[in-house]
$ cat upload-v5.pdb   # PDB, C-alpha atoms
ATOM      1  CA  MET A   1     -71.803 -22.624  83.298
ATOM      2  CA  PRO A   2     -68.785 -20.679  81.994
ATOM      3  CA  LYS A   3     -68.293 -19.955  78.339
ATOM      4  CA  GLY A   4     -66.062 -22.408  76.550
ATOM      5  CA  SER A   5     -66.094 -25.293  74.173
ATOM      6  CA  PRO A   6     -68.097 -28.406  75.079
ATOM      7  CA  GLU A   7     -64.797 -30.282  75.009
ATOM      8  CA  LEU A   8     -63.267 -27.970  77.641
ATOM      9  CA  THR A   9     -66.351 -28.218  79.822
ATOM     10  CA  ALA A  10     -66.347 -32.010  79.602
ATOM     11  CA  SER A  11     -62.612 -32.132  80.305
ATOM     12  CA  ARG A  12     -62.879 -29.978  83.412
ATOM     13  CA  LYS A  13     -65.842 -31.924  84.757
ATOM     14  CA  GLU A  14     -63.900 -35.136  84.203
ATOM     15  CA  GLU A  15     -60.888 -33.702  86.045
ATOM     16  CA  ILE A  16     -63.090 -32.780  89.011
ATOM     17  CA  VAL A  17     -64.672 -36.228  89.132
ATOM     18  CA  ASN A  18     -61.249 -37.867  88.832
ATOM     19  CA  ALA A  19     -59.973 -35.770  91.734
ATOM     20  CA  CYS A  20     -62.962 -36.796  93.839
ATOM     21  CA  GLU A  21     -62.386 -40.449  92.975
ATOM     22  CA  ARG A  22     -58.738 -40.313  94.036
ATOM     23  CA  LEU A  23     -59.608 -38.708  97.365
ATOM     24  CA  TYR A  24     -62.403 -41.193  98.021
ATOM     25  CA  ARG A  25     -59.928 -44.061  97.940
ATOM     26  CA  THR A  26     -58.379 -42.892 101.206
ATOM     27  CA  MET A  27     -60.895 -40.433 102.695
ATOM     28  CA  SER A  28     -64.510 -40.686 103.799
ATOM     29  CA  PHE A  29     -67.448 -38.923 102.178
ATOM     30  CA  LYS A  30     -67.728 -36.572 105.170
ATOM     31  CA  GLU A  31     -64.044 -35.666 105.095
ATOM     32  CA  ILE A  32     -64.027 -34.676 101.432
ATOM     33  CA  THR A  33     -65.002 -31.075 100.702
ATOM     34  CA  ILE A  34     -65.083 -28.874  97.627
ATOM     35  CA  LYS A  35     -61.900 -27.286  99.003
ATOM     36  CA  GLU A  36     -60.163 -30.677  99.217
ATOM     37  CA  ILE A  37     -61.210 -31.529  95.670
ATOM     38  CA  GLY A  38     -60.086 -28.123  94.379
ATOM     39  CA  GLU A  39     -56.614 -28.608  95.809
ATOM     40  CA  VAL A  40     -55.980 -31.565  93.494
ATOM     41  CA  THR A  41     -57.283 -29.970  90.288
ATOM     42  CA  SER A  42     -55.441 -27.696  87.887
ATOM     43  CA  PHE A  43     -57.765 -24.712  88.365
ATOM     44  CA  THR A  44     -59.125 -22.680  91.268
ATOM     45  CA  ARG A  45     -61.454 -24.142  93.856
ATOM     46  CA  THR A  46     -64.133 -21.562  93.113
ATOM     47  CA  SER A  47     -64.142 -22.638  89.460
ATOM     48  CA  ILE A  48     -65.618 -25.975  90.536
ATOM     49  CA  TYR A  49     -68.911 -24.215  91.271
ATOM     50  CA  ASN A  50     -69.185 -23.413  87.572
ATOM     51  CA  TYR A  51     -69.627 -27.138  86.957
ATOM     52  CA  PHE A  52     -71.000 -28.636  90.182
ATOM     53  CA  GLN A  53     -72.988 -26.786  92.849
ATOM     54  CA  THR A  54     -72.395 -29.279  95.668
ATOM     55  CA  LYS A  55     -69.934 -32.022  96.508
ATOM     56  CA  GLU A  56     -72.865 -34.431  96.312
ATOM     57  CA  GLU A  57     -73.229 -33.575  92.614
ATOM     58  CA  ILE A  58     -69.583 -34.500  92.104
ATOM     59  CA  PHE A  59     -70.064 -37.827  93.860
ATOM     60  CA  LEU A  60     -73.251 -38.426  91.877
ATOM     61  CA  ALA A  61     -71.283 -37.810  88.670
ATOM     62  CA  LEU A  62     -68.710 -40.342  89.865
ATOM     63  CA  MET A  63     -71.415 -42.916  90.503
ATOM     64  CA  GLN A  64     -72.991 -42.090  87.135
ATOM     65  CA  ARG A  65     -69.680 -42.820  85.416
ATOM     66  CA  GLU A  66     -69.335 -46.079  87.317
ATOM     67  CA  TYR A  67     -72.816 -47.160  86.204
ATOM     68  CA  GLU A  68     -72.062 -46.168  82.604
ATOM     69  CA  ASN A  69     -68.835 -48.170  82.543
ATOM     70  CA  TRP A  70     -70.429 -51.190  84.183
ATOM     71  CA  ALA A  71     -73.402 -51.089  81.791
ATOM     72  CA  SER A  72     -70.965 -51.000  78.876
ATOM     73  CA  GLU A  73     -69.208 -54.087  80.243
ATOM     74  CA  MET A  74     -72.512 -55.926  80.610
ATOM     75  CA  ASP A  75     -73.465 -54.968  77.065
ATOM     76  CA  SER A  76     -70.158 -56.441  75.898
ATOM     77  CA  ILE A  77     -70.903 -59.703  77.716
ATOM     78  CA  ALA A  78     -74.193 -59.943  75.829
ATOM     79  CA  ASP A  79     -72.603 -59.039  72.487
ATOM     80  CA  MET A  80     -69.613 -61.365  72.758
ATOM     81  CA  ASN A  81     -71.434 -64.528  73.834
ATOM     82  CA  GLU A  82     -74.171 -66.482  72.140
ATOM     83  CA  THR A  83     -74.842 -68.643  75.177
ATOM     84  CA  MET A  84     -73.620 -68.718  78.763
ATOM     85  CA  SER A  85     -73.948 -71.180  81.615
ATOM     86  CA  ALA A  86     -75.143 -69.968  84.990
ATOM     87  CA  GLU A  87     -71.612 -70.391  86.344
ATOM     88  CA  GLY A  88     -70.072 -68.520  83.414
ATOM     89  CA  PHE A  89     -72.480 -65.609  83.681
ATOM     90  CA  ALA A  90     -72.108 -65.395  87.466
ATOM     91  CA  ASP A  91     -68.333 -65.388  87.021
ATOM     92  CA  SER A  92     -68.439 -62.624  84.399
ATOM     93  CA  MET A  93     -70.793 -60.434  86.423
ATOM     94  CA  ALA A  94     -68.785 -60.918  89.613
ATOM     95  CA  HIS A  95     -65.546 -59.982  87.857
ATOM     96  CA  SER A  96     -67.184 -56.919  86.300
ATOM     97  CA  LEU A  97     -68.433 -55.611  89.643
ATOM     98  CA  GLU A  98     -65.246 -56.268  91.584
ATOM     99  CA  LYS A  99     -63.646 -53.744  89.203
ATOM    100  CA  HIS A 100     -66.224 -51.192  90.357
ATOM    101  CA  GLN A 101     -65.620 -51.166  94.094
ATOM    102  CA  GLN A 102     -66.190 -47.408  94.106
ATOM    103  CA  LEU A 103     -69.735 -47.953  92.830
ATOM    104  CA  LEU A 104     -70.484 -50.486  95.555
ATOM    105  CA  LYS A 105     -68.960 -48.217  98.214
ATOM    106  CA  LEU A 106     -71.077 -45.275  97.081
ATOM    107  CA  LEU A 107     -74.229 -47.393  97.009
ATOM    108  CA  ALA A 108     -73.605 -48.604 100.551
ATOM    109  CA  MET A 109     -72.799 -45.272 102.138
ATOM    110  CA  ASN A 110     -74.032 -42.123 100.471
ATOM    111  CA  HIS A 111     -76.610 -42.798  97.768
ATOM    112  CA  TYR A 112     -79.468 -40.926  99.426
ATOM    113  CA  ASP A 113     -77.352 -37.869 100.284
ATOM    114  CA  MET A 114     -76.044 -37.601  96.734
ATOM    115  CA  GLU A 115     -79.501 -37.666  95.186
ATOM    116  CA  GLU A 116     -81.091 -35.390  97.770
ATOM    117  CA  ASN A 117     -78.446 -32.674  97.376
ATOM    118  CA  SER A 118     -78.178 -32.593  93.581
ATOM    119  CA  ARG A 119     -80.086 -30.482  91.080
ATOM    120  CA  PRO A 120     -82.948 -32.192  89.214
ATOM    121  CA  GLU A 121     -81.086 -32.068  85.895
ATOM    122  CA  ARG A 122     -78.013 -33.739  87.430
ATOM    123  CA  LEU A 123     -80.229 -36.361  89.037
ATOM    124  CA  THR A 124     -81.927 -37.054  85.695
ATOM    125  CA  GLU A 125     -78.543 -37.545  84.011
ATOM    126  CA  PHE A 126     -77.648 -40.026  86.730
ATOM    127  CA  LYS A 127     -80.932 -41.898  86.386
ATOM    128  CA  VAL A 128     -80.291 -42.325  82.651
ATOM    129  CA  ALA A 129     -77.023 -44.115  83.474
ATOM    130  CA  TYR A 130     -78.713 -46.173  86.186
ATOM    131  CA  GLY A 131     -81.472 -47.129  83.754
ATOM    132  CA  ALA A 132     -78.879 -48.215  81.206
ATOM    133  CA  SER A 133     -77.374 -50.603  83.760
ATOM    134  CA  LEU A 134     -80.810 -52.084  84.433
ATOM    135  CA  ASP A 135     -81.345 -52.540  80.705
ATOM    136  CA  ALA A 136     -77.920 -54.122  80.223
ATOM    137  CA  VAL A 137     -78.484 -56.723  82.950
ATOM    138  CA  ARG A 138     -82.037 -57.310  81.776
ATOM    139  CA  ALA A 139     -80.813 -57.951  78.209
ATOM    140  CA  CYS A 140     -78.290 -60.515  79.459
ATOM    141  CA  ILE A 141     -80.909 -62.410  81.452
ATOM    142  CA  ARG A 142     -83.331 -62.452  78.524
ATOM    143  CA  LYS A 143     -80.647 -63.647  76.107
ATOM    144  CA  PHE A 144     -78.887 -66.279  78.192
ATOM    145  CA  PHE A 145     -81.647 -67.414  80.559
ATOM    146  CA  PRO A 146     -85.020 -66.964  78.844
ATOM    147  CA  LYS A 147     -86.758 -69.145  81.454
ATOM    148  CA  ILE A 148     -85.738 -66.770  84.255
ATOM    149  CA  ASP A 149     -88.045 -63.845  85.031
ATOM    150  CA  ASP A 150     -85.725 -60.935  84.300
ATOM    151  CA  GLU A 151     -87.791 -58.476  86.347
ATOM    152  CA  SER A 152     -87.615 -60.728  89.394
ATOM    153  CA  PHE A 153     -83.854 -60.975  88.940
ATOM    154  CA  ILE A 154     -83.574 -57.176  88.750
ATOM    155  CA  PHE A 155     -85.875 -56.699  91.758
ATOM    156  CA  VAL A 156     -83.607 -58.822  93.958
ATOM    157  CA  PHE A 157     -80.162 -58.150  92.507
ATOM    158  CA  PHE A 158     -80.026 -54.351  92.388
ATOM    159  CA  PRO A 159     -81.147 -53.775  96.005
ATOM    160  CA  PHE A 160     -78.717 -56.541  96.996
ATOM    161  CA  LEU A 161     -75.824 -54.453  95.605
ATOM    162  CA  PHE A 162     -76.310 -51.888  98.386
ATOM    163  CA  GLY A 163     -75.067 -54.437 100.929
ATOM    164  CA  VAL A 164     -72.092 -55.913  99.092
ATOM    165  CA  TYR A 165     -69.457 -53.398 100.182
ATOM    166  CA  PRO A 166     -70.050 -53.647 103.966
ATOM    167  CA  TYR A 167     -69.823 -57.434 103.775
ATOM    168  CA  SER A 168     -66.584 -57.397 101.795
ATOM    169  CA  VAL A 169     -64.668 -54.416 103.250
ATOM    170  CA  ALA A 170     -64.284 -53.604 106.940
ATOM    171  CA  THR A 171     -61.994 -51.353 108.927
ATOM    172  CA  GLU A 172     -59.842 -52.742 111.724
ATOM    173  CA  LYS A 173     -62.085 -50.882 114.180
ATOM    174  CA  GLN A 174     -65.153 -52.687 112.809
ATOM    175  CA  LEU A 175     -63.403 -56.065 112.858
ATOM    176  CA  THR A 176     -62.285 -55.536 116.461
ATOM    177  CA  ALA A 177     -65.831 -54.606 117.507
ATOM    178  CA  MET A 178     -67.261 -57.744 115.907
ATOM    179  CA  ARG A 179     -64.684 -59.925 117.670
ATOM    180  CA  GLU A 180     -65.407 -58.276 121.020
ATOM    181  CA  ALA A 181     -69.131 -58.792 120.403
ATOM    182  CA  ASN A 182     -68.408 -62.498 119.849
ATOM    183  CA  ILE A 183     -69.915 -62.427 116.367
ATOM    184  CA  ARG A 184     -68.919 -65.383 114.252
ATOM    185  CA  PHE A 185     -68.033 -64.042 110.824
ATOM    186  CA  ARG A 186     -65.793 -64.480 107.814
ATOM    187  CA  MET A 187     -65.178 -61.663 105.384
ATOM    188  CA  HIS A 188     -65.889 -62.515 101.764
ATOM    189  CA  SER A 189     -64.580 -60.863  98.636
ATOM    190  CA  ILE A 190     -66.781 -58.830  96.311
ATOM    191  CA  TYR A 191     -66.331 -61.562  93.734
ATOM    192  CA  GLU A 192     -67.476 -64.317  96.111
ATOM    193  CA  ILE A 193     -70.567 -62.424  97.237
ATOM    194  CA  ILE A 194     -71.690 -61.434  93.740
ATOM    195  CA  TYR A 195     -70.968 -64.853  92.253
ATOM    196  CA  SER A 196     -72.953 -66.646  94.946
ATOM    197  CA  CYS A 197     -75.962 -64.328  94.638
ATOM    198  CA  VAL A 198     -76.146 -64.452  90.839
ATOM    199  CA  LEU A 199     -75.788 -68.225  90.789
ATOM    200  CA  GLN A 200     -78.593 -68.623  93.309
ATOM    201  CA  LEU A 201     -80.880 -66.246  91.394
ATOM    202  CA  LEU A 202     -80.286 -68.313  88.264
ATOM    203  CA  GLY A 203     -81.238 -71.524  90.022
ATOM    204  CA  GLY A 204     -77.800 -72.876  90.857
ATOM    205  CA  LYS A 205     -75.254 -74.630  88.692
ATOM    206  CA  SER A 206     -76.395 -75.519  85.194
TER     207      SER A 206
END
$ encode --input "upload-v5.pdb" --output "structure tokens"
Amino acid sequence: MPKGSPELTASRKEEIVNACERLYRTMSFKEITIKEIGEVTSFTRTSIYNYFQTKEEIFLALMQREYENWASEMDSIADMNETMSAEGFADSMAHSLEKHQQLLKLLAMNHYDMEENSRPERLTEFKVAYGASLDAVRACIRKFFPKIDDESFIFVFFPFLFGVYPYSVATEKQLTAMREANIRFRMHSIYEIIYSCVLQLLGGKS
């Protein structure tokens, strides 16, 4: 890590993660390289290695930020409401996650690679953010639905998130292949998928 103020270090790491996020909107994980990321930052490509050793660490930092922001939103839902119906909570959670499409895309495509190719200390930082999201959802379930087993909810809901993106976003190539395979399907939005799952886990409409 280069010498410099903590503020400068944090700012440069944020710039790198922001650059990665912008590229990931139009490029695949495989297409994005450290070189590509460096070309859209304000400092040299080689400087990136002072902050992240692999591109997977950059993606992991992006997913960490997504988890942190989502956990903060879930905490706000718990803080701002005394009670919530099953429909209201499902609606709030679905809206919160549709704002984090990048998180769902990363979970669906590259989670294992990011963890496997990151240093232990970077992975621990990520797990802290992931744990905070578990705690935030758990707190909501305990507060609003005390009769629901919060651990059972967590056990089903978090693995379920890995499949949301592929069922809500498809390329024209994928859609064409499904039509030619005579698969009956209808694409659903992230909101629809999340809302339906949460409502079912809470026992349906209250």
$ axis_aligned_box --input "upload-v5.pdb" --around "region 169-184 of chain A" --padding-each-side "4 Å" --output "lines of an AutoDock Vina configuration file"
center_x = -64.9
center_y = -58.1
center_z = 112.1
size_x = 18.1
size_y = 22.5
size_z = 25.8
$ residues_around --input "upload-v5.pdb" --residues "region 34-37 of chain A" --least-positions-apart "4" --cutoff "12 Å" --atoms "all atoms listed in the file" --output "number ranges by chain"
A: 13, 15-24, 27-30, 41-49, 51-59
$ resolve_selection --input "upload-v5.pdb" --expression "the PyMOL selection byres ((chain A and resi 178-192) around 12)" --output "MDAnalysis selection string"
chainID A and resid 90:105 161:177 193:199
$ atom_distance --input "upload-v5.pdb" --atom1 "CA of Ala78 (chain A)" --atom2 "CA of Ala132 (chain A)"
13.7 Å
$ atom_distance --input "upload-v5.pdb" --atom1 "CA of Gln64 (chain A)" --atom2 "CA of Glu121 (chain A)"
12.9 Å
$ atom_distance --input "upload-v5.pdb" --atom1 "CA of Lys205 (chain A)" --atom2 "CA of Gly88 (chain A)"
9.6 Å
$ residues_around --input "upload-v5.pdb" --residues "region 74-76 of chain A" --least-positions-apart "4" --cutoff "10 Å" --atoms "all atoms listed in the file" --output "list of chain:residue names"
A:Glu68, A:Asn69, A:Trp70, A:Met80, A:Asn81, A:Ser92, A:Met93, A:Ser96, A:Leu97, A:Ala132, A:Ser133, A:Leu134, A:Asp135, A:Ala136, A:Val137, A:Arg138, A:Ala139, A:Cys140
$ closest_residue --input "upload-v5.pdb" --among "A:Glu87, A:Ala71, A:Asn110, A:Pro6" --to "Leu201 (chain A)" --atoms "all atoms listed in the file"
A:Glu87
$ resolve_selection --input "upload-v5.pdb" --expression "the PyMOL selection byres ((chain A and resi 125) around 12)" --output "ChimeraX atom specification"
/A:57,60-65,67-68,115,118-124,126-132
$ closest_residue --input "upload-v5.pdb" --among "A:Asn117, A:Thr9, A:Ser85, A:Leu106" --to "Ile141 (chain A)" --atoms "all atoms listed in the file"
A:Ser85
$ decode --input "upload-v5.pdb" --residues "region 155-173 of chain A" --atoms "N, CA and C atoms" --output "CSV table (one decimal), in the first residue's frame"
chain,number,residue,atom,x,y,z
A,155,PHE,N,-32.1,-19.0,5.4
A,155,PHE,CA,-31.6,-20.2,4.8
A,155,PHE,C,-32.1,-20.4,3.4
A,156,VAL,N,-33.4,-20.0,3.2
A,156,VAL,CA,-34.0,-20.1,1.9
A,156,VAL,C,-33.7,-18.8,1.0
A,157,PHE,N,-33.9,-17.7,1.6
A,157,PHE,CA,-33.9,-16.4,0.8
A,157,PHE,C,-32.5,-16.1,0.3
A,158,PHE,N,-31.4,-16.2,1.0
A,158,PHE,CA,-30.1,-15.8,0.5
A,158,PHE,C,-29.6,-16.7,-0.6
A,159,PRO,N,-29.7,-18.0,-0.5
A,159,PRO,CA,-29.3,-18.8,-1.7
A,159,PRO,C,-30.2,-18.5,-2.9
A,160,PHE,N,-31.5,-18.2,-2.6
A,160,PHE,CA,-32.4,-17.9,-3.7
A,160,PHE,C,-31.9,-16.7,-4.5
A,161,LEU,N,-31.3,-15.7,-3.9
A,161,LEU,CA,-30.8,-14.5,-4.6
A,161,LEU,C,-29.8,-14.8,-5.7
A,162,PHE,N,-29.1,-16.0,-5.6
A,162,PHE,CA,-28.2,-16.3,-6.7
A,162,PHE,C,-28.9,-16.6,-8.0
A,163,GLY,N,-30.1,-16.9,-8.0
A,163,GLY,CA,-30.8,-17.2,-9.2
A,163,GLY,C,-31.7,-16.1,-9.7
A,164,VAL,N,-31.8,-15.0,-9.0
A,164,VAL,CA,-32.8,-14.0,-9.5
A,164,VAL,C,-32.3,-13.4,-10.8
A,165,TYR,N,-31.1,-13.0,-10.9
A,165,TYR,CA,-30.6,-12.3,-12.2
A,165,TYR,C,-30.9,-13.1,-13.4
A,166,PRO,N,-30.5,-14.4,-13.5
A,166,PRO,CA,-30.8,-15.1,-14.7
A,166,PRO,C,-32.2,-15.2,-15.1
A,167,TYR,N,-33.1,-15.2,-14.1
A,167,TYR,CA,-34.5,-15.3,-14.4
A,167,TYR,C,-35.2,-13.9,-14.7
A,168,SER,N,-34.4,-12.9,-14.6
A,168,SER,CA,-35.0,-11.5,-14.8
A,168,SER,C,-34.3,-10.8,-16.0
A,169,VAL,N,-33.1,-11.2,-16.4
A,169,VAL,CA,-32.3,-10.6,-17.4
A,169,VAL,C,-31.8,-11.7,-18.3
A,170,ALA,N,-32.0,-11.5,-19.6
A,170,ALA,CA,-31.5,-12.5,-20.6
A,170,ALA,C,-31.1,-11.7,-21.9
A,171,THR,N,-30.1,-12.2,-22.5
A,171,THR,CA,-29.6,-11.7,-23.8
A,171,THR,C,-30.5,-12.1,-24.9
A,172,GLU,N,-30.5,-11.5,-26.0
A,172,GLU,CA,-31.3,-11.9,-27.2
A,172,GLU,C,-30.9,-13.3,-27.6
A,173,LYS,N,-29.6,-13.6,-27.5
A,173,LYS,CA,-29.1,-14.9,-27.9
A,173,LYS,C,-29.7,-16.0,-27.0
